[in-house]
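**Q** Below is a structure I'd like to ask you about.
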Amino acid sequence: MSQMRKIPELLLPAGNLEKLEIAYLYGADAAYCGVPRFSLRARENDFTMENLEKGVALARQLGKKIYFTVNNIPRNSKLPSYPKYLDQMAALKPDALIMADPGLILITKESHPEIDIHISVQTNTMNYAAVKFWKKFGATRVILSREVSISEIAEIKNQVPEMEIEVFVHGSICIAHSGRCFMSNYFKKRDANQGSCNNACRDLYKVFVTNPKQNDEPMELITDEEGTFLMNSKDLRAIEFLQELCDAGVDSLKVEGRTKNDYYVGMVARSYRNTLDNIARGEGFDRKWLEELDKVSSRKYFSGFLSRGMEDKIPEEERDFQNNEFGTSLHMSQKYAGLVKEYKPDTKRIVIEVKNKIQKGDLMEVITAIDSNPTTFTVDQIFYKQNPVEVISGGMGTVELEVPFAIPSKSFLSKKI
């Protein structure tokens with residue numbers, strides 16, 4: 001029997017308790033959750049201190065890790081309330097706090113030196129000297145800037161081998177330097193660095209150019225009839241480069257997306273978990289996991305800055321960072337239909353929470369936490385409030401579907417488009 005290789009931690013986002021459970025079930029070793037007032041996902045954060053306590057209990061029960069995200073850059077007015085929040089967080093005993101602001105880090109180290117500090121990507125750490133600085137400051141892990149390449153990561157780890165290194169491998173990319181953006185604040189008075197980003201960079205823009213030498217009137221620069229998405233980065237996907245990241249000595253592989261849905265969390269966790277397990281067994285990369293990730297909505301994929309210097313390994317269509325076609329995440333091959341809440345053996349029905357339109361005759365794929373061949377069935381009977389219906393739309397709550405076989409709870413239903 002071949003010896004299993006050591007592989008990095010797989011770290012998934014959790015925007016609420018259900019997503020936290022999905023992350024663990026579908027293969028995450030650890031998950032990160034925002035905290036009230038001091039997280040950069042203040043608009044869509046379902047975690048109260050009570051829910052964080054439940055999250056820690058779940059992590060301990062499953063033998064997983066949980067990190068609290070305390071990564072905003074607070075103004076003076078927020079500082080007086082921080083010690084109270086810190087005491088409450090410390091009492092819950094998370095595995096680490098993810099932090100960006102040196103002031104908050106200082107307060108944390110002085111009051112609760114027992115808590116591990118992971119330095120957030122918001123600090124834009126890009127070189128080994130900066131990593132050494134954070135080590136001296138008492139941090140146990142640094143989340144490197146998204147702008148570094150795999151070769152630079154390897155050099156950093158070689159220079160500071162005792163520091164844990166975390167790297168983003170999947171999810172949205174900011175148009176600004178690792179998220180330090182002011183567009184939302186400038187246009188909508190919503191400060192991204194306080195957790196209120198409105199994704200202004202994704203908007204449709206019309207650009208006008210002038211020739212100052214000739215005092216010309218502004219002339220519109222037209223891409224097509226829809227305009228142009230000038231600052232719309234594709235989404236990061238580095239699943240093809242996990243072997244290289246393992247070889248570089250990365251300790252944790254991070255997926256972005258605390259505001260994404262449970263389907264995104266589960267599908268991405270499942271694909272990366274199975275790929276890492278293949279690496280641990282010494283097996284080659286299975287390209288089917290690329291197809292699995294196409295079942296999740298995206299702005300198209302690219303490997304970001306990680307693959308700089310390895311362009312020969314990247315398909316030509318993935319070398320362009322920008323998606324100029326559309327500004328929102330779209331479904332590429334399949335659409336999320338719903339999460340299975342319960343299987344009723346007496347009626348051979350499943351109860352699901354509907355996320356998108358389902359109608360009789362739709363072909364559904366059943367996706368479970370384990371790696372198995374896709375199982376499909378055709379929707380024959382739909383029951384809404386116990387009454388048979390022909391079609392159901394997302395947002396209408398729960399519905400029952402008649403199924404030809406048992407389907408475990410927390411499975412996803414996905415339909416081809």
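Please note that chains go A, B, ... in the order of the structure tokens, that every chain numbers its residues from 1, and that ligands are numbered from 1 in the order shown.
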Excluding Thr376 in chain A and residues on its chain fewer than 3 positions from it, collect all residues at most 12 Å away from it, counting only C-alpha atoms, and give them as a ChimeraX atom specification.

**A** /A:362-368,373,379,403-407,412-416

**Q** So that I have them on file, write out the residues from the current selection with N, CA, C and O atoms, as a PDB file, in the first residue's frame.

**A**
```
ATOM      1  N   ASP A 362     -38.427  17.680 -15.790  1.00  0.00           N
ATOM      2  CA  ASP A 362     -37.028  18.104 -15.617  1.00  0.00           C
ATOM      3  C   ASP A 362     -36.165  16.901 -15.220  1.00  0.00           C
ATOM      4  O   ASP A 362     -36.574  16.068 -14.415  1.00  0.00           O
ATOM      5  N   LEU A 363     -34.961  16.847 -15.794  1.00  0.00           N
ATOM      6  CA  LEU A 363     -33.990  15.816 -15.418  1.00  0.00           C
ATOM      7  C   LEU A 363     -33.127  16.356 -14.291  1.00  0.00           C
ATOM      8  O   LEU A 363     -32.442  17.363 -14.449  1.00  0.00           O
ATOM      9  N   MET A 364     -33.157  15.684 -13.155  1.00  0.00           N
ATOM     10  CA  MET A 364     -32.423  16.122 -11.978  1.00  0.00           C
ATOM     11  C   MET A 364     -31.213  15.236 -11.715  1.00  0.00           C
ATOM     12  O   MET A 364     -31.303  14.011 -11.825  1.00  0.00           O
ATOM     13  N   GLU A 365     -30.107  15.856 -11.353  1.00  0.00           N
ATOM     14  CA  GLU A 365     -28.938  15.119 -10.885  1.00  0.00           C
ATOM     15  C   GLU A 365     -28.879  15.237  -9.371  1.00  0.00           C
ATOM     16  O   GLU A 365     -29.060  16.328  -8.815  1.00  0.00           O
ATOM     17  N   VAL A 366     -28.628  14.116  -8.718  1.00  0.00           N
ATOM     18  CA  VAL A 366     -28.495  14.092  -7.264  1.00  0.00           C
ATOM     19  C   VAL A 366     -27.014  14.133  -6.914  1.00  0.00           C
ATOM     20  O   VAL A 366     -26.234  13.302  -7.373  1.00  0.00           O
ATOM     21  N   ILE A 367     -26.614  15.120  -6.120  1.00  0.00           N
ATOM     22  CA  ILE A 367     -25.213  15.295  -5.733  1.00  0.00           C
ATOM     23  C   ILE A 367     -25.106  15.095  -4.234  1.00  0.00           C
ATOM     24  O   ILE A 367     -25.745  15.803  -3.446  1.00  0.00           O
ATOM     25  N   THR A 368     -24.293  14.122  -3.841  1.00  0.00           N
ATOM     26  CA  THR A 368     -24.112  13.819  -2.429  1.00  0.00           C
ATOM     27  C   THR A 368     -22.693  14.190  -1.998  1.00  0.00           C
ATOM     28  O   THR A 368     -21.845  14.521  -2.829  1.00  0.00           O
ATOM     29  N   ASN A 373     -20.658   8.258  -8.884  1.00  0.00           N
ATOM     30  CA  ASN A 373     -21.183   8.580 -10.203  1.00  0.00           C
ATOM     31  C   ASN A 373     -22.528   9.283 -10.050  1.00  0.00           C
ATOM     32  O   ASN A 373     -23.332   8.918  -9.178  1.00  0.00           O
ATOM     33  N   VAL A 379     -38.324  14.344 -12.934  1.00  0.00           N
ATOM     34  CA  VAL A 379     -39.390  14.818 -12.050  1.00  0.00           C
ATOM     35  C   VAL A 379     -40.738  14.392 -12.622  1.00  0.00           C
ATOM     36  O   VAL A 379     -41.107  14.760 -13.740  1.00  0.00           O
ATOM     37  N   VAL A 403     -39.692  10.476  -5.719  1.00  0.00           N
ATOM     38  CA  VAL A 403     -38.391  10.026  -6.229  1.00  0.00           C
ATOM     39  C   VAL A 403     -38.358   8.501  -6.316  1.00  0.00           C
ATOM     40  O   VAL A 403     -39.029   7.805  -5.535  1.00  0.00           O
ATOM     41  N   PRO A 404     -37.578   7.946  -7.260  1.00  0.00           N
ATOM     42  CA  PRO A 404     -37.536   6.492  -7.442  1.00  0.00           C
ATOM     43  C   PRO A 404     -36.579   5.767  -6.513  1.00  0.00           C
ATOM     44  O   PRO A 404     -36.502   4.539  -6.533  1.00  0.00           O
ATOM     45  N   PHE A 405     -35.828   6.517  -5.691  1.00  0.00           N
ATOM     46  CA  PHE A 405     -34.867   5.901  -4.769  1.00  0.00           C
ATOM     47  C   PHE A 405     -34.650   6.843  -3.588  1.00  0.00           C
ATOM     48  O   PHE A 405     -34.962   8.039  -3.657  1.00  0.00           O
ATOM     49  N   ALA A 406     -34.101   6.284  -2.518  1.00  0.00           N
ATOM     50  CA  ALA A 406     -33.845   7.096  -1.321  1.00  0.00           C
ATOM     51  C   ALA A 406     -32.723   8.091  -1.588  1.00  0.00           C
ATOM     52  O   ALA A 406     -31.714   7.759  -2.220  1.00  0.00           O
ATOM     53  N   ILE A 407     -32.908   9.320  -1.109  1.00  0.00           N
ATOM     54  CA  ILE A 407     -31.908  10.374  -1.270  1.00  0.00           C
ATOM     55  C   ILE A 407     -31.596  10.946   0.101  1.00  0.00           C
ATOM     56  O   ILE A 407     -32.500  11.388   0.811  1.00  0.00           O
ATOM     57  N   PHE A 412     -27.819  17.722  -2.820  1.00  0.00           N
ATOM     58  CA  PHE A 412     -28.255  18.790  -3.707  1.00  0.00           C
ATOM     59  C   PHE A 412     -28.969  18.203  -4.927  1.00  0.00           C
ATOM     60  O   PHE A 412     -28.588  17.134  -5.430  1.00  0.00           O
ATOM     61  N   LEU A 413     -29.969  18.929  -5.410  1.00  0.00           N
ATOM     62  CA  LEU A 413     -30.567  18.622  -6.704  1.00  0.00           C
ATOM     63  C   LEU A 413     -30.137  19.694  -7.677  1.00  0.00           C
ATOM     64  O   LEU A 413     -30.203  20.894  -7.390  1.00  0.00           O
ATOM     65  N   SER A 414     -29.656  19.254  -8.836  1.00  0.00           N
ATOM     66  CA  SER A 414     -29.162  20.173  -9.854  1.00  0.00           C
ATOM     67  C   SER A 414     -29.733  19.746 -11.192  1.00  0.00           C
ATOM     68  O   SER A 414     -29.772  18.558 -11.514  1.00  0.00           O
ATOM     69  N   LYS A 415     -30.209  20.709 -12.004  1.00  0.00           N
ATOM     70  CA  LYS A 415     -30.777  20.352 -13.303  1.00  0.00           C
ATOM     71  C   LYS A 415     -29.982  20.979 -14.432  1.00  0.00           C
ATOM     72  O   LYS A 415     -29.420  22.076 -14.310  1.00  0.00           O
ATOM     73  N   LYS A 416     -29.904  20.263 -15.526  1.00  0.00           N
ATOM     74  CA  LYS A 416     -29.165  20.739 -16.693  1.00  0.00           C
ATOM     75  C   LYS A 416     -29.926  21.895 -17.339  1.00  0.00           C
ATOM     76  O   LYS A 416     -31.147  21.952 -17.325  1.00  0.00           O
TER      77      LYS A 416
END
```

**Q** List as a ChimeraX atom specification the protein and nucleic acid residues near range 283-299 of chain A, meaning an atom at most 10 Å away when only C-alpha atoms are counted, but skip any in the same chain fewer than 2 places from it.

**A** /A:171-172,232-243,260,263-272,274-281,301-302,322-336,414-417

**Q** Skip Ile143 in chain A itself and residues of its chain fewer than 2 positions away, then list as number ranges by chain all residues within 7 Å of it, counting only C-alpha atoms.

**A** A: 119-121, 141, 145, 165-167

**Q** Identify which of the residues A:Pro13, A:Pro102, A:Pro8, A:Pro80 lies closest to Tyr67 in chain A, counting only C-alpha atoms when measuring atom-to-atom distances.

**A**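 Under the stated criterion, the closest residue is A:Pro13.
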
**Q** Skipping near chain neighbours, those fewer than 6 positions away, what residues fall within 9 Å of Val399 in chain A using only C-alpha atoms, listed as a ChimeraX atom specification?

**A** /A:350-354,382-386,392

**Q** Suppose we keep all heavy atoms; can you now write the selection as a short mmCIF file (atom, residue, chain, number, x, y, z; two decimals), in the first residue's frame?

**A**
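So again-v4.cif came out as:
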```cif
data_model
loop_
_atom_site.label_atom_id
_atom_site.label_comp_id
_atom_site.auth_asym_id
_atom_site.auth_seq_id
_atom_site.Cartn_x
_atom_site.Cartn_y
_atom_site.Cartn_z
N ILE A 350 -39.13 13.32 -1.33
CA ILE A 350 -38.14 14.14 -0.65
C ILE A 350 -38.73 15.53 -0.41
O ILE A 350 -39.56 16.01 -1.20
CB ILE A 350 -36.83 14.28 -1.44
CG1 ILE A 350 -37.09 14.77 -2.88
CG2 ILE A 350 -36.04 12.99 -1.43
CD1 ILE A 350 -35.83 15.11 -3.66
N VAL A 351 -38.34 16.13 0.68
CA VAL A 351 -38.71 17.52 0.96
C VAL A 351 -37.51 18.38 0.62
O VAL A 351 -36.40 18.14 1.11
CB VAL A 351 -39.08 17.70 2.45
CG1 VAL A 351 -39.45 19.16 2.73
CG2 VAL A 351 -40.21 16.76 2.84
N ILE A 352 -37.70 19.36 -0.25
CA ILE A 352 -36.59 20.24 -0.64
C ILE A 352 -37.01 21.70 -0.50
O ILE A 352 -38.19 22.04 -0.57
CB ILE A 352 -36.11 19.99 -2.08
CG1 ILE A 352 -37.14 20.46 -3.10
CG2 ILE A 352 -35.75 18.54 -2.31
CD1 ILE A 352 -36.60 20.55 -4.51
N GLU A 353 -36.01 22.54 -0.28
CA GLU A 353 -36.21 23.98 -0.31
C GLU A 353 -35.87 24.44 -1.72
O GLU A 353 -34.72 24.33 -2.16
CB GLU A 353 -35.31 24.67 0.71
CG GLU A 353 -35.52 26.16 0.80
CD GLU A 353 -34.64 26.80 1.86
OE1 GLU A 353 -34.05 26.07 2.67
OE2 GLU A 353 -34.56 28.04 1.85
N VAL A 354 -36.85 24.94 -2.44
CA VAL A 354 -36.69 25.25 -3.86
C VAL A 354 -35.86 26.52 -4.05
O VAL A 354 -36.13 27.56 -3.43
CB VAL A 354 -38.05 25.44 -4.54
CG1 VAL A 354 -37.87 25.66 -6.03
CG2 VAL A 354 -38.93 24.23 -4.30
N ILE A 382 -44.87 16.62 -8.40
CA ILE A 382 -44.49 17.74 -7.52
C ILE A 382 -45.68 18.04 -6.62
O ILE A 382 -46.82 18.14 -7.08
CB ILE A 382 -44.14 19.01 -8.33
CG1 ILE A 382 -43.07 18.72 -9.39
CG2 ILE A 382 -43.69 20.13 -7.40
CD1 ILE A 382 -42.82 19.89 -10.33
N PHE A 383 -45.40 18.19 -5.32
CA PHE A 383 -46.47 18.48 -4.37
C PHE A 383 -46.11 19.75 -3.59
O PHE A 383 -45.08 19.80 -2.93
CB PHE A 383 -46.67 17.32 -3.40
CG PHE A 383 -47.07 16.04 -4.08
CD1 PHE A 383 -46.10 15.14 -4.51
CD2 PHE A 383 -48.41 15.74 -4.29
CE1 PHE A 383 -46.46 13.96 -5.13
CE2 PHE A 383 -48.77 14.56 -4.92
CZ PHE A 383 -47.80 13.66 -5.35
N TYR A 384 -46.98 20.75 -3.71
CA TYR A 384 -46.79 22.00 -2.97
C TYR A 384 -47.94 22.15 -2.00
O TYR A 384 -49.12 22.17 -2.40
CB TYR A 384 -46.75 23.18 -3.94
CG TYR A 384 -46.57 24.53 -3.28
CD1 TYR A 384 -45.44 24.80 -2.51
CD2 TYR A 384 -47.53 25.53 -3.42
CE1 TYR A 384 -45.26 26.02 -1.90
CE2 TYR A 384 -47.35 26.77 -2.81
CZ TYR A 384 -46.22 27.00 -2.05
OH TYR A 384 -46.05 28.22 -1.43
N LYS A 385 -47.62 22.20 -0.70
CA LYS A 385 -48.63 22.21 0.35
C LYS A 385 -49.58 21.03 0.18
O LYS A 385 -50.81 21.16 0.30
CB LYS A 385 -49.38 23.53 0.37
CG LYS A 385 -48.49 24.73 0.70
CD LYS A 385 -49.27 26.03 0.77
CE LYS A 385 -48.33 27.18 1.15
NZ LYS A 385 -49.04 28.49 1.19
N GLN A 386 -48.97 19.88 -0.14
CA GLN A 386 -49.65 18.59 -0.30
C GLN A 386 -50.55 18.51 -1.54
O GLN A 386 -51.20 17.47 -1.76
CB GLN A 386 -50.48 18.23 0.94
CG GLN A 386 -49.67 18.17 2.23
CD GLN A 386 -48.49 17.20 2.14
OE1 GLN A 386 -48.63 16.09 1.63
NE2 GLN A 386 -47.32 17.63 2.61
N ILE A 392 -42.99 24.69 -9.99
CA ILE A 392 -42.75 25.44 -8.75
C ILE A 392 -41.58 26.38 -8.98
O ILE A 392 -40.65 26.05 -9.74
CB ILE A 392 -42.46 24.49 -7.56
CG1 ILE A 392 -42.50 25.22 -6.23
CG2 ILE A 392 -41.15 23.77 -7.76
CD1 ILE A 392 -43.88 25.41 -5.69
#
```

**Q** Taking only C-alpha atoms into account, which of A:Gly304, A:Pro94, A:Gly138, A:Gly397 comes nearest Leu106 in chain A?

**A**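 Checking each candidate against Leu106 in chain A, we get A:Gly138 as the closest.
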
**Q** Extract the full set of strand (DSSP E) residues from range 46-212 of chain A according to DSSP on the backbone, and format it as a PDB file with N, CA, C and O atoms, in the first residue's frame.

**A**
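part-v4.pdb written:
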```pdb
ATOM      1  N   LYS A  65     -11.963  22.336  12.432  1.00  0.00           N
ATOM      2  CA  LYS A  65     -11.532  23.621  12.967  1.00  0.00           C
ATOM      3  C   LYS A  65     -12.484  24.729  12.525  1.00  0.00           C
ATOM      4  O   LYS A  65     -13.138  24.622  11.484  1.00  0.00           O
ATOM      5  N   ILE A  66     -12.525  25.793  13.336  1.00  0.00           N
ATOM      6  CA  ILE A  66     -13.366  26.946  13.011  1.00  0.00           C
ATOM      7  C   ILE A  66     -12.604  28.217  13.351  1.00  0.00           C
ATOM      8  O   ILE A  66     -12.017  28.344  14.427  1.00  0.00           O
ATOM      9  N   TYR A  67     -12.595  29.154  12.408  1.00  0.00           N
ATOM     10  CA  TYR A  67     -11.912  30.430  12.584  1.00  0.00           C
ATOM     11  C   TYR A  67     -12.937  31.555  12.531  1.00  0.00           C
ATOM     12  O   TYR A  67     -13.877  31.520  11.729  1.00  0.00           O
ATOM     13  N   PHE A  68     -12.749  32.569  13.366  1.00  0.00           N
ATOM     14  CA  PHE A  68     -13.604  33.749  13.353  1.00  0.00           C
ATOM     15  C   PHE A  68     -12.908  34.849  12.548  1.00  0.00           C
ATOM     16  O   PHE A  68     -11.726  35.140  12.777  1.00  0.00           O
ATOM     17  N   THR A  69     -13.645  35.465  11.656  1.00  0.00           N
ATOM     18  CA  THR A  69     -13.094  36.525  10.822  1.00  0.00           C
ATOM     19  C   THR A  69     -13.344  37.880  11.460  1.00  0.00           C
ATOM     20  O   THR A  69     -14.485  38.317  11.597  1.00  0.00           O
ATOM     21  N   VAL A  70     -12.258  38.554  11.845  1.00  0.00           N
ATOM     22  CA  VAL A  70     -12.312  39.864  12.491  1.00  0.00           C
ATOM     23  C   VAL A  70     -11.426  40.788  11.655  1.00  0.00           C
ATOM     24  O   VAL A  70     -10.418  41.302  12.119  1.00  0.00           O
ATOM     25  N   ALA A  96      -8.746  30.114  15.778  1.00  0.00           N
ATOM     26  CA  ALA A  96      -7.945  31.308  15.468  1.00  0.00           C
ATOM     27  C   ALA A  96      -8.878  32.450  15.116  1.00  0.00           C
ATOM     28  O   ALA A  96     -10.058  32.245  14.803  1.00  0.00           O
ATOM     29  N   LEU A  97      -8.343  33.669  15.180  1.00  0.00           N
ATOM     30  CA  LEU A  97      -9.011  34.853  14.655  1.00  0.00           C
ATOM     31  C   LEU A  97      -8.266  35.297  13.401  1.00  0.00           C
ATOM     32  O   LEU A  97      -7.040  35.356  13.393  1.00  0.00           O
ATOM     33  N   ILE A  98      -9.014  35.583  12.344  1.00  0.00           N
ATOM     34  CA  ILE A  98      -8.442  36.110  11.106  1.00  0.00           C
ATOM     35  C   ILE A  98      -8.523  37.629  11.185  1.00  0.00           C
ATOM     36  O   ILE A  98      -9.618  38.193  11.221  1.00  0.00           O
ATOM     37  N   MET A  99      -7.369  38.320  11.197  1.00  0.00           N
ATOM     38  CA  MET A  99      -7.347  39.740  11.503  1.00  0.00           C
ATOM     39  C   MET A  99      -6.479  40.530  10.524  1.00  0.00           C
ATOM     40  O   MET A  99      -5.519  39.989   9.957  1.00  0.00           O
ATOM     41  N   ILE A 117      -3.509  34.036  15.974  1.00  0.00           N
ATOM     42  CA  ILE A 117      -3.866  35.096  15.029  1.00  0.00           C
ATOM     43  C   ILE A 117      -3.431  34.691  13.632  1.00  0.00           C
ATOM     44  O   ILE A 117      -2.265  34.368  13.394  1.00  0.00           O
ATOM     45  N   HIS A 118      -4.389  34.703  12.693  1.00  0.00           N
ATOM     46  CA  HIS A 118      -4.099  34.507  11.283  1.00  0.00           C
ATOM     47  C   HIS A 118      -4.207  35.861  10.585  1.00  0.00           C
ATOM     48  O   HIS A 118      -5.233  36.537  10.701  1.00  0.00           O
ATOM     49  N   ILE A 119      -3.149  36.252   9.904  1.00  0.00           N
ATOM     50  CA  ILE A 119      -3.106  37.577   9.277  1.00  0.00           C
ATOM     51  C   ILE A 119      -3.891  37.565   7.970  1.00  0.00           C
ATOM     52  O   ILE A 119      -3.579  36.821   7.044  1.00  0.00           O
ATOM     53  N   ARG A 141      -0.145  32.352  11.453  1.00  0.00           N
ATOM     54  CA  ARG A 141      -0.397  32.077  10.029  1.00  0.00           C
ATOM     55  C   ARG A 141      -0.562  33.384   9.289  1.00  0.00           C
ATOM     56  O   ARG A 141      -1.091  34.359   9.822  1.00  0.00           O
ATOM     57  N   VAL A 142      -0.140  33.393   8.023  1.00  0.00           N
ATOM     58  CA  VAL A 142      -0.341  34.546   7.146  1.00  0.00           C
ATOM     59  C   VAL A 142      -1.099  34.092   5.907  1.00  0.00           C
ATOM     60  O   VAL A 142      -0.731  33.095   5.272  1.00  0.00           O
ATOM     61  N   ILE A 143      -2.159  34.815   5.585  1.00  0.00           N
ATOM     62  CA  ILE A 143      -2.912  34.581   4.348  1.00  0.00           C
ATOM     63  C   ILE A 143      -2.334  35.519   3.301  1.00  0.00           C
ATOM     64  O   ILE A 143      -2.491  36.742   3.397  1.00  0.00           O
ATOM     65  N   GLU A 164       2.884  29.261   9.207  1.00  0.00           N
ATOM     66  CA  GLU A 164       1.862  28.661   8.355  1.00  0.00           C
ATOM     67  C   GLU A 164       1.472  29.643   7.252  1.00  0.00           C
ATOM     68  O   GLU A 164       1.311  30.846   7.500  1.00  0.00           O
ATOM     69  N   ILE A 165       1.298  29.112   6.049  1.00  0.00           N
ATOM     70  CA  ILE A 165       0.954  29.925   4.884  1.00  0.00           C
ATOM     71  C   ILE A 165      -0.399  29.461   4.338  1.00  0.00           C
ATOM     72  O   ILE A 165      -0.617  28.279   4.100  1.00  0.00           O
ATOM     73  N   GLU A 166      -1.285  30.436   4.144  1.00  0.00           N
ATOM     74  CA  GLU A 166      -2.615  30.160   3.590  1.00  0.00           C
ATOM     75  C   GLU A 166      -2.757  30.906   2.262  1.00  0.00           C
ATOM     76  O   GLU A 166      -2.292  32.045   2.125  1.00  0.00           O
ATOM     77  N   VAL A 167      -3.423  30.265   1.290  1.00  0.00           N
ATOM     78  CA  VAL A 167      -3.537  30.830  -0.054  1.00  0.00           C
ATOM     79  C   VAL A 167      -4.957  30.636  -0.571  1.00  0.00           C
ATOM     80  O   VAL A 167      -5.546  29.561  -0.417  1.00  0.00           O
ATOM     81  N   PHE A 168      -5.513  31.670  -1.185  1.00  0.00           N
ATOM     82  CA  PHE A 168      -6.816  31.552  -1.838  1.00  0.00           C
ATOM     83  C   PHE A 168      -6.686  30.727  -3.118  1.00  0.00           C
ATOM     84  O   PHE A 168      -5.773  30.951  -3.920  1.00  0.00           O
ATOM     85  N   VAL A 169      -7.626  29.781  -3.307  1.00  0.00           N
ATOM     86  CA  VAL A 169      -7.590  28.944  -4.506  1.00  0.00           C
ATOM     87  C   VAL A 169      -8.880  28.991  -5.311  1.00  0.00           C
ATOM     88  O   VAL A 169      -8.922  28.487  -6.436  1.00  0.00           O
ATOM     89  N   HIS A 170      -9.933  29.599  -4.766  1.00  0.00           N
ATOM     90  CA  HIS A 170     -11.201  29.610  -5.506  1.00  0.00           C
ATOM     91  C   HIS A 170     -12.080  30.758  -5.042  1.00  0.00           C
ATOM     92  O   HIS A 170     -12.118  31.081  -3.853  1.00  0.00           O
ATOM     93  N   GLY A 171     -12.796  31.375  -6.000  1.00  0.00           N
ATOM     94  CA  GLY A 171     -13.787  32.393  -5.667  1.00  0.00           C
ATOM     95  C   GLY A 171     -13.564  33.714  -6.367  1.00  0.00           C
ATOM     96  O   GLY A 171     -12.742  33.836  -7.274  1.00  0.00           O
ATOM     97  N   VAL A 207     -17.729  54.176 -21.364  1.00  0.00           N
ATOM     98  CA  VAL A 207     -16.490  54.933 -21.269  1.00  0.00           C
ATOM     99  C   VAL A 207     -16.444  55.976 -22.374  1.00  0.00           C
ATOM    100  O   VAL A 207     -16.770  55.692 -23.534  1.00  0.00           O
ATOM    101  N   PHE A 208     -16.029  57.190 -21.984  1.00  0.00           N
ATOM    102  CA  PHE A 208     -15.896  58.271 -22.948  1.00  0.00           C
ATOM    103  C   PHE A 208     -14.444  58.727 -22.982  1.00  0.00           C
ATOM    104  O   PHE A 208     -13.768  58.798 -21.954  1.00  0.00           O
ATOM    105  N   VAL A 209     -13.935  58.998 -24.175  1.00  0.00           N
ATOM    106  CA  VAL A 209     -12.556  59.457 -24.334  1.00  0.00           C
ATOM    107  C   VAL A 209     -12.556  60.837 -24.980  1.00  0.00           C
ATOM    108  O   VAL A 209     -13.467  61.200 -25.720  1.00  0.00           O
TER     109      VAL A 209
END
```

**Q** Leaving out Gln359 in chain A and any residue of its chain fewer than 5 positions from it, which residues lie within 10 Å of it when counting only C-alpha atoms, given as a short mmCIF file (atom, residue, chain, number, x, y, z; two decimals) with N, CA and C atoms, in the first residue's frame?

**A**
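In the end it all went to result.cif:
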```cif
data_model
loop_
_atom_site.label_atom_id
_atom_site.label_comp_id
_atom_site.auth_asym_id
_atom_site.auth_seq_id
_atom_site.Cartn_x
_atom_site.Cartn_y
_atom_site.Cartn_z
N THR A 378 -36.07 11.74 -13.35
CA THR A 378 -36.94 12.70 -14.01
C THR A 378 -38.08 13.07 -13.07
N VAL A 379 -38.32 14.34 -12.93
CA VAL A 379 -39.39 14.82 -12.05
C VAL A 379 -40.74 14.39 -12.62
N ASP A 380 -41.46 13.59 -11.83
CA ASP A 380 -42.75 13.08 -12.29
C ASP A 380 -43.91 13.68 -11.50
N GLN A 381 -43.69 13.84 -10.20
CA GLN A 381 -44.75 14.38 -9.35
C GLN A 381 -44.19 15.46 -8.43
N ILE A 382 -44.87 16.62 -8.40
CA ILE A 382 -44.49 17.74 -7.52
C ILE A 382 -45.68 18.04 -6.62
N VAL A 389 -48.83 19.86 -8.32
CA VAL A 389 -48.68 21.03 -9.20
C VAL A 389 -47.77 20.64 -10.36
N GLU A 390 -47.80 21.44 -11.41
CA GLU A 390 -46.99 21.18 -12.60
C GLU A 390 -45.62 21.84 -12.52
N VAL A 391 -45.55 22.97 -11.81
CA VAL A 391 -44.31 23.74 -11.76
C VAL A 391 -44.22 24.47 -10.43
N ILE A 392 -42.99 24.69 -9.99
CA ILE A 392 -42.75 25.44 -8.75
C ILE A 392 -41.58 26.38 -8.98
N SER A 393 -41.60 27.56 -8.38
CA SER A 393 -40.54 28.55 -8.58
C SER A 393 -39.71 28.73 -7.32
#
```

**Q** Would you mind writing down, as number ranges by chain, each residue of range 65-254 of chain A that DSSP on the backbone assigns to helix (DSSP H, G or I)?

**A** A: 76-92, 102-111, 121-123, 128-136, 150-159, 177-179, 183-188, 192-194, 200-202, 239-247

**Q** Looking at only C-alpha atoms, which of A:Pro74, A:Pro388, A:Pro36, A:Gly282 is the one that sits closest to Lys360 in chain A?

**A**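 For Lys360 in chain A, the nearest of the candidates is A:Pro388.
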
**Q** Which of these, A:Ala14, A:Val56, A:Ala200, A:Cys246, has the shortest distance to Ala91 in chain A once you count only C-alpha atoms?

**A**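 Using only C-alpha atoms, Ala91 in chain A sits closest to A:Val56.
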
**Q** One decimal, in Å: what's the spacing between CA of Ile156 in chain A and CA of Tyr128 in chain A?

**A**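 One can read the CA of Ile156 in chain A to CA of Tyr128 in chain A distance as 4.7 Å.
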
**Q** What's the 7 Å shell around Phe305 in chain A, counting only C-alpha atoms, without same-chain residues fewer than 4 positions away, as an NGL selection string?

**A** :A and (146-149)

**Q** Hey, which of A:Glu53, A:Lys313, A:Ala176, A:Leu104 ends up closest to Asn76 in chain A? Count only C-alpha atoms.

**A**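 For Asn76 in chain A, the nearest of the given residues is A:Leu104.
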
**Q** Any idea what the distance is between CA of Gly309 in chain A and CA of Glu155 in chain A?

**A** 14.2 Å

**Q** Any idea what's packed within 8 Å of range 16-19 of chain A, counting only C-alpha atoms, ignoring anything in its chain fewer than 2 positions away? Could you give it as a VMD selection string?

**A** chain A and resid 13 to 14 21 to 23 33 45 to 47 51 54 to 55 261 to 262 265
